[in-house]
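Dumped coords.cif below, it's mmCIF, C-alpha atoms (C1' of nucleotides):
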```
data_structure
loop_
_atom_site.group_PDB
_atom_site.id
_atom_site.type_symbol
_atom_site.label_atom_id
_atom_site.label_comp_id
_atom_site.auth_asym_id
_atom_site.auth_seq_id
_atom_site.Cartn_x
_atom_site.Cartn_y
_atom_site.Cartn_z
ATOM 1 C CA MET A 1 0.032 22.129 -25.393
ATOM 2 C CA ASN A 2 -2.903 19.799 -25.666
ATOM 3 C CA GLN A 3 -3.254 18.587 -22.113
ATOM 4 C CA ALA A 4 -5.616 15.726 -22.909
ATOM 5 C CA MET A 5 -6.009 13.404 -19.932
ATOM 6 C CA PRO A 6 -2.645 11.938 -19.007
ATOM 7 C CA ASN A 7 -3.936 9.274 -16.676
ATOM 8 C CA VAL A 8 -4.758 6.226 -18.756
ATOM 9 C CA THR A 9 -3.423 2.731 -18.409
ATOM 10 C CA ARG A 10 -2.169 1.374 -21.642
ATOM 11 C CA ASN A 11 -2.655 -2.018 -23.190
ATOM 12 C CA THR A 12 0.829 -3.291 -23.690
ATOM 13 C CA ARG A 13 2.098 -6.610 -24.954
ATOM 14 C CA GLN A 14 3.901 -7.233 -21.655
ATOM 15 C CA ARG A 15 0.795 -6.870 -19.536
ATOM 16 C CA ALA A 16 -1.063 -9.199 -21.841
ATOM 17 C CA GLU A 17 1.719 -11.770 -21.461
ATOM 18 C CA VAL A 18 1.598 -11.628 -17.682
ATOM 19 C CA LEU A 19 -2.172 -11.934 -17.649
ATOM 20 C CA ALA A 20 -2.090 -14.816 -20.123
ATOM 21 C CA LEU A 21 0.404 -16.657 -17.968
ATOM 22 C CA LEU A 22 -1.632 -16.102 -14.841
ATOM 23 C CA ARG A 23 -4.635 -17.601 -16.559
ATOM 24 C CA GLU A 24 -2.694 -20.776 -17.286
ATOM 25 C CA VAL A 25 -1.062 -21.522 -13.959
ATOM 26 C CA GLU A 26 -2.656 -22.848 -10.829
ATOM 27 C CA GLY A 27 -1.952 -21.736 -7.293
ATOM 28 C CA PHE A 28 0.389 -19.126 -5.949
ATOM 29 C CA HIS A 29 3.668 -18.158 -7.561
ATOM 30 C CA SER A 30 6.279 -15.595 -6.749
ATOM 31 C CA ALA A 31 7.062 -12.722 -9.081
ATOM 32 C CA GLN A 32 10.411 -14.311 -9.840
ATOM 33 C CA GLN A 33 8.862 -17.661 -10.673
ATOM 34 C CA LEU A 34 6.445 -15.994 -13.042
ATOM 35 C CA HIS A 35 9.311 -14.105 -14.621
ATOM 36 C CA GLN A 36 11.187 -17.373 -15.151
ATOM 37 C CA MET A 37 8.137 -18.896 -16.824
ATOM 38 C CA LEU A 38 7.885 -15.906 -19.117
ATOM 39 C CA LEU A 39 11.542 -16.297 -20.022
ATOM 40 C CA ALA A 40 10.967 -19.986 -20.752
ATOM 41 C CA ARG A 41 8.240 -19.120 -23.225
ATOM 42 C CA LYS A 42 10.357 -16.357 -24.725
ATOM 43 C CA ALA A 43 7.840 -13.740 -23.794
ATOM 44 C CA GLY A 44 10.347 -10.918 -23.472
ATOM 45 C CA VAL A 45 9.124 -9.324 -20.281
ATOM 46 C CA GLY A 46 11.543 -7.781 -17.830
ATOM 47 C CA LEU A 47 11.580 -8.611 -14.155
ATOM 48 C CA THR A 48 10.845 -5.035 -13.201
ATOM 49 C CA THR A 49 7.788 -5.044 -15.416
ATOM 50 C CA VAL A 50 6.549 -8.287 -13.907
ATOM 51 C CA TYR A 51 6.677 -6.718 -10.458
ATOM 52 C CA ARG A 52 4.964 -3.560 -11.611
ATOM 53 C CA THR A 53 2.270 -5.392 -13.505
ATOM 54 C CA LEU A 54 1.509 -7.713 -10.613
ATOM 55 C CA GLN A 55 1.194 -4.739 -8.303
ATOM 56 C CA LEU A 56 -1.217 -3.110 -10.716
ATOM 57 C CA LEU A 57 -3.290 -6.263 -10.873
ATOM 58 C CA VAL A 58 -3.378 -6.570 -7.110
ATOM 59 C CA ASP A 59 -4.520 -2.968 -6.800
ATOM 60 C CA ALA A 60 -7.167 -3.627 -9.414
ATOM 61 C CA GLY A 61 -8.350 -6.649 -7.451
ATOM 62 C CA GLU A 62 -7.713 -9.033 -10.323
ATOM 63 C CA VAL A 63 -4.988 -10.878 -8.494
ATOM 64 C CA ASP A 64 -4.644 -12.183 -4.968
ATOM 65 C CA SER A 65 -1.431 -11.849 -3.115
ATOM 66 C CA THR A 66 -0.236 -13.482 0.045
ATOM 67 C CA ARG A 67 3.042 -13.656 1.881
ATOM 68 C CA LEU A 68 5.198 -16.593 2.824
ATOM 69 C CA PRO A 69 6.526 -16.701 6.384
ATOM 70 C CA GLY A 70 9.841 -15.553 4.944
ATOM 71 C CA GLY A 71 8.204 -12.415 3.624
ATOM 72 C CA GLU A 72 8.188 -13.343 -0.037
ATOM 73 C CA GLN A 73 5.115 -12.170 -1.881
ATOM 74 C CA LEU A 74 3.060 -14.640 -3.907
ATOM 75 C CA PHE A 75 0.474 -13.951 -6.566
ATOM 76 C CA ARG A 76 -2.484 -15.779 -7.970
ATOM 77 C CA ARG A 77 -5.286 -14.902 -10.299
ATOM 78 C CA CYS A 78 -8.565 -14.632 -8.424
ATOM 79 C CA SER A 79 -11.094 -17.210 -9.420
ATOM 80 C CA GLN A 80 -13.677 -15.441 -7.357
ATOM 81 C CA SER A 81 -13.992 -11.753 -7.657
ATOM 82 C CA LYS A 82 -15.563 -11.338 -4.270
ATOM 83 C CA HIS A 83 -13.684 -11.248 -1.012
ATOM 84 C CA HIS A 84 -12.377 -14.593 0.206
ATOM 85 C CA HIS A 85 -9.573 -16.274 2.088
ATOM 86 C CA HIS A 86 -7.109 -19.069 1.485
ATOM 87 C CA LEU A 87 -6.514 -22.494 2.900
ATOM 88 C CA VAL A 88 -2.955 -23.360 1.972
ATOM 89 C CA CYS A 89 -1.032 -26.623 2.268
ATOM 90 C CA ARG A 90 2.320 -26.140 3.967
ATOM 91 C CA ASP A 91 3.973 -28.830 1.912
ATOM 92 C CA CYS A 92 2.660 -28.745 -1.632
ATOM 93 C CA GLY A 93 1.209 -25.252 -1.663
ATOM 94 C CA ARG A 94 -2.186 -26.446 -2.833
ATOM 95 C CA THR A 95 -4.723 -23.716 -2.225
ATOM 96 C CA VAL A 96 -8.424 -23.710 -1.578
ATOM 97 C CA GLU A 97 -10.394 -20.502 -1.674
ATOM 98 C CA VAL A 98 -12.871 -20.251 1.136
ATOM 99 C CA ALA A 99 -15.455 -17.682 2.060
ATOM 100 C CA GLY A 100 -16.476 -16.920 5.607
ATOM 101 C CA PRO A 101 -19.209 -14.323 5.832
ATOM 102 C CA ALA A 102 -19.404 -14.808 9.582
ATOM 103 C CA VAL A 103 -15.731 -13.980 9.948
ATOM 104 C CA GLU A 104 -16.117 -10.816 7.907
ATOM 105 C CA ARG A 105 -18.933 -9.644 10.107
ATOM 106 C CA TRP A 106 -17.057 -10.564 13.260
ATOM 107 C CA ALA A 107 -13.968 -8.640 12.174
ATOM 108 C CA ASP A 108 -15.925 -5.522 11.277
ATOM 109 C CA GLN A 109 -17.845 -5.705 14.513
ATOM 110 C CA VAL A 110 -14.779 -6.130 16.707
ATOM 111 C CA ALA A 111 -13.053 -3.260 14.962
ATOM 112 C CA ALA A 112 -16.091 -1.032 15.351
ATOM 113 C CA GLN A 113 -16.284 -1.821 19.056
ATOM 114 C CA HIS A 114 -12.806 -0.383 19.440
ATOM 115 C CA GLY A 115 -13.568 2.702 17.401
ATOM 116 C CA PHE A 116 -11.709 1.631 14.282
ATOM 117 C CA VAL A 117 -12.942 2.691 10.867
ATOM 118 C CA ASP A 118 -12.032 1.839 7.291
ATOM 119 C CA VAL A 119 -11.487 -1.735 8.331
ATOM 120 C CA GLY A 120 -9.858 -4.528 6.392
ATOM 121 C CA HIS A 121 -8.326 -7.814 7.384
ATOM 122 C CA THR A 122 -6.098 -10.655 6.310
ATOM 123 C CA LEU A 123 -6.784 -14.278 7.098
ATOM 124 C CA GLU A 124 -4.862 -17.312 5.968
ATOM 125 C CA ILE A 125 -5.337 -20.864 7.128
ATOM 126 C CA PHE A 126 -2.360 -23.206 6.983
ATOM 127 C CA GLY A 127 -2.317 -26.955 7.274
ATOM 128 C CA THR A 128 -1.221 -30.166 5.674
ATOM 129 C CA CYS A 129 -3.521 -31.414 2.947
ATOM 130 C CA ALA A 130 -4.778 -34.977 2.671
ATOM 131 C CA GLU A 131 -2.328 -35.741 -0.151
ATOM 132 C CA CYS A 132 0.720 -34.708 1.818
ATOM 133 C CA VAL A 133 -0.227 -36.522 5.004
ATOM 134 C CA ARG A 134 0.578 -39.900 3.514
ATOM 135 C CA MET B 1 33.904 -37.492 28.211
ATOM 136 C CA ASN B 2 31.182 -36.106 30.355
ATOM 137 C CA GLN B 3 28.377 -35.792 27.849
ATOM 138 C CA ALA B 4 25.927 -34.233 30.275
ATOM 139 C CA MET B 5 22.988 -32.808 28.384
ATOM 140 C CA PRO B 6 24.211 -30.240 25.910
ATOM 141 C CA ASN B 7 20.864 -28.756 25.041
ATOM 142 C CA VAL B 8 20.204 -26.014 27.522
ATOM 143 C CA THR B 9 19.442 -22.411 26.765
ATOM 144 C CA ARG B 10 21.630 -20.131 28.730
ATOM 145 C CA ASN B 11 20.750 -17.026 30.657
ATOM 146 C CA THR B 12 22.844 -14.364 29.052
ATOM 147 C CA ARG B 13 22.998 -10.659 29.726
ATOM 148 C CA GLN B 14 21.939 -9.938 26.155
ATOM 149 C CA ARG B 15 18.753 -11.957 26.359
ATOM 150 C CA ALA B 16 17.875 -10.267 29.630
ATOM 151 C CA GLU B 17 18.365 -6.865 27.963
ATOM 152 C CA VAL B 18 16.058 -7.732 25.092
ATOM 153 C CA LEU B 19 13.396 -9.062 27.430
ATOM 154 C CA ALA B 20 13.679 -6.040 29.698
ATOM 155 C CA LEU B 21 13.228 -3.727 26.741
ATOM 156 C CA LEU B 22 10.215 -5.656 25.488
ATOM 157 C CA ARG B 23 8.604 -5.284 28.876
ATOM 158 C CA GLU B 24 8.952 -1.525 28.697
ATOM 159 C CA VAL B 25 7.702 -0.754 25.221
ATOM 160 C CA GLU B 26 4.174 -0.809 23.935
ATOM 161 C CA GLY B 27 3.003 -2.142 20.623
ATOM 162 C CA PHE B 28 4.880 -3.689 17.777
ATOM 163 C CA HIS B 29 8.464 -2.860 16.876
ATOM 164 C CA SER B 30 10.835 -4.176 14.275
ATOM 165 C CA ALA B 31 14.016 -5.972 15.213
ATOM 166 C CA GLN B 32 15.989 -3.013 13.955
ATOM 167 C CA GLN B 33 13.991 -0.541 16.019
ATOM 168 C CA LEU B 34 14.559 -2.627 19.129
ATOM 169 C CA HIS B 35 18.238 -2.800 18.308
ATOM 170 C CA GLN B 36 18.371 0.994 18.024
ATOM 171 C CA MET B 37 16.677 1.360 21.402
ATOM 172 C CA LEU B 38 19.222 -1.010 22.925
ATOM 173 C CA LEU B 39 22.015 1.063 21.430
ATOM 174 C CA ALA B 40 20.471 4.208 22.862
ATOM 175 C CA ARG B 41 20.520 2.751 26.336
ATOM 176 C CA LYS B 42 24.057 1.457 25.819
ATOM 177 C CA ALA B 43 22.969 -2.113 26.296
ATOM 178 C CA GLY B 44 25.674 -3.601 24.112
ATOM 179 C CA VAL B 45 23.636 -6.098 22.162
ATOM 180 C CA GLY B 46 24.427 -6.853 18.546
ATOM 181 C CA LEU B 47 21.865 -6.784 15.786
ATOM 182 C CA THR B 48 22.420 -10.442 15.037
ATOM 183 C CA THR B 49 21.690 -11.336 18.625
ATOM 184 C CA VAL B 50 18.532 -9.257 18.633
ATOM 185 C CA TYR B 51 17.239 -11.208 15.665
ATOM 186 C CA ARG B 52 18.168 -14.547 17.189
ATOM 187 C CA THR B 53 16.709 -13.723 20.579
ATOM 188 C CA LEU B 54 13.446 -12.505 19.102
ATOM 189 C CA GLN B 55 13.129 -15.682 17.085
ATOM 190 C CA LEU B 56 13.713 -17.739 20.222
ATOM 191 C CA LEU B 57 11.042 -15.805 22.060
ATOM 192 C CA VAL B 58 8.576 -16.223 19.232
ATOM 193 C CA ASP B 59 9.201 -19.967 19.188
ATOM 194 C CA ALA B 60 8.725 -20.045 22.936
ATOM 195 C CA GLY B 61 5.423 -18.224 22.570
ATOM 196 C CA GLU B 62 6.546 -15.326 24.728
ATOM 197 C CA VAL B 63 6.438 -12.855 21.895
ATOM 198 C CA ASP B 64 3.971 -12.162 19.107
ATOM 199 C CA SER B 65 5.151 -11.405 15.661
ATOM 200 C CA THR B 66 3.324 -10.003 12.696
ATOM 201 C CA ARG B 67 4.316 -8.741 9.306
ATOM 202 C CA LEU B 68 3.868 -5.353 7.714
ATOM 203 C CA PRO B 69 2.528 -5.281 4.164
ATOM 204 C CA GLY B 70 6.089 -4.567 3.075
ATOM 205 C CA GLY B 71 7.222 -7.853 4.580
ATOM 206 C CA GLU B 72 9.015 -6.448 7.603
ATOM 207 C CA GLN B 73 8.606 -8.517 10.720
ATOM 208 C CA LEU B 74 7.387 -6.870 13.917
ATOM 209 C CA PHE B 75 7.569 -8.130 17.484
ATOM 210 C CA ARG B 76 5.637 -7.537 20.648
ATOM 211 C CA ARG B 77 5.543 -9.100 24.055
ATOM 212 C CA CYS B 78 2.351 -11.103 24.519
ATOM 213 C CA SER B 79 0.111 -9.793 27.239
ATOM 214 C CA GLN B 80 -2.063 -12.826 26.873
ATOM 215 C CA SER B 81 -0.496 -16.208 26.712
ATOM 216 C CA LYS B 82 -3.421 -17.806 24.958
ATOM 217 C CA HIS B 83 -4.080 -17.613 21.270
ATOM 218 C CA HIS B 84 -5.373 -14.280 20.039
ATOM 219 C CA HIS B 85 -5.346 -11.884 17.115
ATOM 220 C CA HIS B 86 -4.543 -8.244 16.549
ATOM 221 C CA LEU B 87 -6.454 -5.172 15.611
ATOM 222 C CA VAL B 88 -3.858 -2.724 14.344
ATOM 223 C CA CYS B 89 -4.145 0.955 13.463
ATOM 224 C CA ARG B 90 -2.681 1.708 10.035
ATOM 225 C CA ASP B 91 -1.502 5.149 11.078
ATOM 226 C CA CYS B 92 -0.223 5.062 14.641
ATOM 227 C CA GLY B 93 0.320 1.324 15.014
ATOM 228 C CA ARG B 94 -1.818 1.118 18.135
ATOM 229 C CA THR B 95 -2.714 -2.494 18.762
ATOM 230 C CA VAL B 96 -5.613 -4.204 20.461
ATOM 231 C CA GLU B 97 -5.479 -7.890 21.221
ATOM 232 C CA VAL B 98 -8.734 -9.611 20.444
ATOM 233 C CA ALA B 99 -9.917 -13.152 20.874
ATOM 234 C CA GLY B 100 -12.404 -14.825 18.559
ATOM 235 C CA PRO B 101 -13.243 -18.337 19.633
ATOM 236 C CA ALA B 102 -15.818 -18.566 16.866
ATOM 237 C CA VAL B 103 -13.188 -17.788 14.275
ATOM 238 C CA GLU B 104 -10.877 -20.472 15.618
ATOM 239 C CA ARG B 105 -13.608 -23.044 15.392
ATOM 240 C CA TRP B 106 -14.607 -21.909 11.922
ATOM 241 C CA ALA B 107 -11.041 -22.116 10.631
ATOM 242 C CA ASP B 108 -10.500 -25.593 12.025
ATOM 243 C CA GLN B 109 -13.799 -26.750 10.657
ATOM 244 C CA VAL B 110 -13.231 -25.379 7.163
ATOM 245 C CA ALA B 111 -9.787 -26.940 7.072
ATOM 246 C CA ALA B 112 -11.125 -30.281 8.231
ATOM 247 C CA GLN B 113 -13.810 -30.226 5.541
ATOM 248 C CA HIS B 114 -11.058 -30.060 2.941
ATOM 249 C CA GLY B 115 -9.027 -32.819 4.536
ATOM 250 C CA PHE B 116 -6.367 -30.602 6.041
ATOM 251 C CA VAL B 117 -4.711 -31.547 9.312
ATOM 252 C CA ASP B 118 -2.321 -29.848 11.716
ATOM 253 C CA VAL B 119 -4.111 -26.598 11.115
ATOM 254 C CA GLY B 120 -3.051 -23.131 12.105
ATOM 255 C CA HIS B 121 -4.010 -19.695 10.895
ATOM 256 C CA THR B 122 -3.085 -16.055 10.855
ATOM 257 C CA LEU B 123 -5.593 -13.251 11.202
ATOM 258 C CA GLU B 124 -4.927 -9.550 11.414
ATOM 259 C CA ILE B 125 -7.468 -6.763 11.319
ATOM 260 C CA PHE B 126 -6.367 -3.379 10.015
ATOM 261 C CA GLY B 127 -8.133 -0.076 10.346
ATOM 262 C CA THR B 128 -7.815 3.506 11.437
ATOM 263 C CA CYS B 129 -8.292 4.054 15.142
ATOM 264 C CA ALA B 130 -10.509 6.718 16.662
ATOM 265 C CA GLU B 131 -7.503 8.895 17.546
ATOM 266 C CA CYS B 132 -6.158 8.987 14.025
ATOM 267 C CA VAL B 133 -9.466 9.687 12.346
ATOM 268 C CA ARG B 134 -9.529 13.258 13.623
ATOM 269 C "C1'" DC C 1 1.893 10.043 -39.758
ATOM 270 C "C1'" DA C 2 3.275 12.915 -35.868
ATOM 271 C "C1'" DT C 3 3.449 13.641 -31.211
ATOM 272 C "C1'" DC C 4 2.914 12.957 -26.498
ATOM 273 C "C1'" DT C 5 3.730 10.355 -22.592
ATOM 274 C "C1'" DA C 6 2.927 6.028 -20.201
ATOM 275 C "C1'" DT C 7 5.616 2.180 -20.075
ATOM 276 C "C1'" DC C 8 9.675 -0.767 -20.538
ATOM 277 C "C1'" DG C 9 13.876 -2.928 -18.808
ATOM 278 C "C1'" DA C 10 18.833 -3.514 -17.701
ATOM 279 C "C1'" DC C 11 21.284 -2.233 -13.954
ATOM 280 C "C1'" DA C 12 22.222 -0.405 -9.569
ATOM 281 C "C1'" DA C 13 20.674 0.390 -5.154
ATOM 282 C "C1'" DC C 14 18.176 -0.765 -1.025
ATOM 283 C "C1'" DG C 15 16.643 -3.022 3.202
ATOM 284 C "C1'" DA C 16 15.629 -6.899 5.950
ATOM 285 C "C1'" DC C 17 17.587 -10.741 7.216
ATOM 286 C "C1'" DT C 18 21.154 -14.698 7.608
ATOM 287 C "C1'" DA C 19 25.661 -17.231 7.331
ATOM 288 C "C1'" DC C 20 30.093 -17.246 8.940
ATOM 289 C "C1'" DC C 21 33.424 -17.950 12.423
ATOM 290 C "C1'" DA C 22 36.717 -16.533 15.910
ATOM 291 C "C1'" DA C 23 36.298 -14.640 20.475
ATOM 292 C "C1'" DC C 24 33.596 -14.881 24.523
ATOM 293 C "C1'" DA C 25 31.127 -16.060 28.822
ATOM 294 C "C1'" DC C 26 27.785 -19.050 31.155
ATOM 295 C "C1'" DC C 27 27.632 -22.898 34.274
ATOM 296 C "C1'" DA C 28 28.280 -27.653 35.910
ATOM 297 C "C1'" DC C 29 31.773 -29.885 37.952
ATOM 298 C "C1'" DG C 30 35.772 -30.646 40.538
ATOM 299 C "C1'" DC D 1 36.922 -20.704 43.393
ATOM 300 C "C1'" DG D 2 39.409 -22.243 39.130
ATOM 301 C "C1'" DT D 3 38.609 -24.849 34.849
ATOM 302 C "C1'" DG D 4 36.784 -26.925 30.645
ATOM 303 C "C1'" DG D 5 33.358 -27.328 27.136
ATOM 304 C "C1'" DT D 6 29.907 -25.616 24.774
ATOM 305 C "C1'" DG D 7 26.154 -22.603 23.865
ATOM 306 C "C1'" DT D 8 26.327 -17.736 22.595
ATOM 307 C "C1'" DT D 9 27.882 -13.496 20.742
ATOM 308 C "C1'" DG D 10 28.611 -9.948 17.128
ATOM 309 C "C1'" DG D 11 31.075 -7.563 13.308
ATOM 310 C "C1'" DT D 12 31.201 -8.358 8.632
ATOM 311 C "C1'" DA D 13 30.064 -10.059 4.328
ATOM 312 C "C1'" DG D 14 26.661 -12.028 1.738
ATOM 313 C "C1'" DT D 15 21.840 -13.423 0.156
ATOM 314 C "C1'" DC D 16 17.519 -12.372 -1.605
ATOM 315 C "C1'" DG D 17 13.280 -10.061 -2.766
ATOM 316 C "C1'" DT D 18 12.002 -5.832 -4.201
ATOM 317 C "C1'" DT D 19 12.266 -0.990 -5.788
ATOM 318 C "C1'" DG D 20 14.564 3.243 -7.962
ATOM 319 C "C1'" DT D 21 16.764 5.243 -12.069
ATOM 320 C "C1'" DC D 22 16.597 6.950 -16.525
ATOM 321 C "C1'" DG D 23 17.293 6.710 -21.478
ATOM 322 C "C1'" DA D 24 14.866 4.052 -24.942
ATOM 323 C "C1'" DT D 25 10.546 2.313 -26.637
ATOM 324 C "C1'" DA D 26 5.942 2.006 -28.237
ATOM 325 C "C1'" DG D 27 0.606 2.605 -27.322
ATOM 326 C "C1'" DA D 28 -2.926 5.987 -28.154
ATOM 327 C "C1'" DT D 29 -4.765 10.097 -29.967
ATOM 328 C "C1'" DG D 30 -5.539 13.719 -33.336
#
```
How does this structure look as structure tokens?
Amino acid sequence: MNQAMPNVTRNTRQRAEVLALLREVEGFHSAQQLHQMLLARKAGVGLTTVYRTLQLLVDAGEVDSTRLPGGEQLFRRCSQSKHHHHLVCRDCGRTVEVAGPAVERWADQVAAQHGFVDVGHTLEIFGTCAECVR
Amino acid sequence: MNQAMPNVTRNTRQRAEVLALLREVEGFHSAQQLHQMLLARKAGVGLTTVYRTLQLLVDAGEVDSTRLPGGEQLFRRCSQSKHHHHLVCRDCGRTVEVAGPAVERWADQVAAQHGFVDVGHTLEIFGTCAECVR
DNA sequence: CATCTATCGACAACGACTACCAACACCACG
DNA sequence: CGTGGTGTTGGTAGTCGTTGTCGATAGATG
């Protein structure tokens, strides 16, 4: 009856595989895409585990996630650990990480004016990148 | 062979019902919620039609839509016709429409700096409103 | 090594949404 | 005020991303 501290997160092979993959790919990918890539490299990681691991990483702030207009969730390893936003190309999906301190302040201020607390926000900029215009 | 101009949108009872309902409710609702309300008032509008009508209204700019973190799409009649953003309470769903001209300019500018054209953006602010804090 | 328990993963279930397609009803025209 | 055609409807079945289930597995600790 040794009730140690049953609240640790373990270092498993599967989580290492997902992290390793995320370090190699560029831009946003869906959970299913990532799972396919893991299959291709014979990494033996189940789809369910991919979803769970990605969710863990998002919660831990190690991975960004965004949503396509269709509702599908995309993931990407953060290259900046601090808060930032994304400029995404509609056609090729190319992504630029941008920071906007002024926007952060504006959002917090507006929220405060209306009595809101514990404020967060989401901001995505969409457009067509120079490559895809041609 | 009277090929008049087969590209009109018709005024149907169902579309009127959906619009009438949207004028009566406050805040964001899902397509399914709206469909339930229509059922409750015996308005005889199918779920499929609710989805289609809402999409039409969004395209026409008469209705706002946003997405819950879970990916579910929500709809609300615009009270302002011009571009604006939303400040949404996480708990009760209360919504404030806010405008941020500075943010618009910033987004366009950042996008332009990276060679993006045809730029749009999404911005939502989340928080807990004064009511729900207590 | 033994034991505990977080984690895995194949499968089933779920929920939002869409495709399908025959029946319907809006509306311009006669 | 009929009539034709065509945009629209809506029940159902299906798609698709995601999550729940639960016995099996394998880190971590002593």
* In Å, rounded to a single decimal, give me how far CA of Val18 in chain B is from C1' of DA19 in chain C. =>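 For C1' of DA19 in chain C relative to CA of Val18 in chain B, the distance reads 22.3 Å.
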* **Explicit residue set for the PyMOL selection byres ((chain C) within 12 of (chain B)), as a list in words** =>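 Output of the PyMOL selection byres ((chain C) within 12 of (chain B)): DG15, DA16, DC17, DT18, DA19, DC20, DC24, DA25, DC26, DC27, DA28 and DC29 of chain C.
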* Over all C-alpha atoms, paired in order, superpose chain B onto chain A by least squares and report how large the RMSD is in Å. =>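 When all C-alpha atoms are superposed, the deviation is 0.2 Å.
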* To do: Check the smallest atom-to-atom distance from each of B:Glu17, B:Leu47, B:Val88, B:Asp118 to chain D using all atoms listed in the file, then report the winner.
  => B:Leu47
Please enumerate the residues selected by the PyMOL selection byres ((chain B) within 9 of (chain A)) when evaluated against the supplied file, formatted as a PDB file with C-alpha atoms, in the frame of the given file.
```
ATOM      1  CA  ARG B  67       4.316  -8.741   9.306  1.00  0.00           C
ATOM      2  CA  PRO B  69       2.528  -5.281   4.164  1.00  0.00           C
ATOM      3  CA  GLY B  70       6.089  -4.567   3.075  1.00  0.00           C
ATOM      4  CA  GLY B  71       7.222  -7.853   4.580  1.00  0.00           C
ATOM      5  CA  GLU B  72       9.015  -6.448   7.603  1.00  0.00           C
ATOM      6  CA  GLN B  73       8.606  -8.517  10.720  1.00  0.00           C
ATOM      7  CA  LEU B  87      -6.454  -5.172  15.611  1.00  0.00           C
ATOM      8  CA  VAL B  88      -3.858  -2.724  14.344  1.00  0.00           C
ATOM      9  CA  CYS B  89      -4.145   0.955  13.463  1.00  0.00           C
ATOM     10  CA  VAL B  96      -5.613  -4.204  20.461  1.00  0.00           C
ATOM     11  CA  VAL B  98      -8.734  -9.611  20.444  1.00  0.00           C
ATOM     12  CA  GLY B 100     -12.404 -14.825  18.559  1.00  0.00           C
ATOM     13  CA  ALA B 102     -15.818 -18.566  16.866  1.00  0.00           C
ATOM     14  CA  VAL B 103     -13.188 -17.788  14.275  1.00  0.00           C
ATOM     15  CA  TRP B 106     -14.607 -21.909  11.922  1.00  0.00           C
ATOM     16  CA  ALA B 107     -11.041 -22.116  10.631  1.00  0.00           C
ATOM     17  CA  ASP B 108     -10.500 -25.593  12.025  1.00  0.00           C
ATOM     18  CA  VAL B 110     -13.231 -25.379   7.163  1.00  0.00           C
ATOM     19  CA  ALA B 111      -9.787 -26.940   7.072  1.00  0.00           C
ATOM     20  CA  HIS B 114     -11.058 -30.060   2.941  1.00  0.00           C
ATOM     21  CA  GLY B 115      -9.027 -32.819   4.536  1.00  0.00           C
ATOM     22  CA  PHE B 116      -6.367 -30.602   6.041  1.00  0.00           C
ATOM     23  CA  VAL B 117      -4.711 -31.547   9.312  1.00  0.00           C
ATOM     24  CA  ASP B 118      -2.321 -29.848  11.716  1.00  0.00           C
ATOM     25  CA  VAL B 119      -4.111 -26.598  11.115  1.00  0.00           C
ATOM     26  CA  GLY B 120      -3.051 -23.131  12.105  1.00  0.00           C
ATOM     27  CA  HIS B 121      -4.010 -19.695  10.895  1.00  0.00           C
ATOM     28  CA  THR B 122      -3.085 -16.055  10.855  1.00  0.00           C
ATOM     29  CA  LEU B 123      -5.593 -13.251  11.202  1.00  0.00           C
ATOM     30  CA  GLU B 124      -4.927  -9.550  11.414  1.00  0.00           C
ATOM     31  CA  ILE B 125      -7.468  -6.763  11.319  1.00  0.00           C
ATOM     32  CA  PHE B 126      -6.367  -3.379  10.015  1.00  0.00           C
ATOM     33  CA  GLY B 127      -8.133  -0.076  10.346  1.00  0.00           C
ATOM     34  CA  THR B 128      -7.815   3.506  11.437  1.00  0.00           C
ATOM     35  CA  CYS B 129      -8.292   4.054  15.142  1.00  0.00           C
ATOM     36  CA  ALA B 130     -10.509   6.718  16.662  1.00  0.00           C
ATOM     37  CA  GLU B 131      -7.503   8.895  17.546  1.00  0.00           C
ATOM     38  CA  VAL B 133      -9.466   9.687  12.346  1.00  0.00           C
TER      39      VAL B 133
END
```
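Residue nearest chain B within the list D:DG30, D:DG20, D:DG4, D:DG14: D:DG4 [criterion: smallest interatomic distance, all atoms listed in the file].
Here is the contact set of chain D against chain A, at 10 Å and counting all atoms listed in the file: DC16, DG17, DT18, DT19, DA26, DG27, DA28 and DT29 of chain D.
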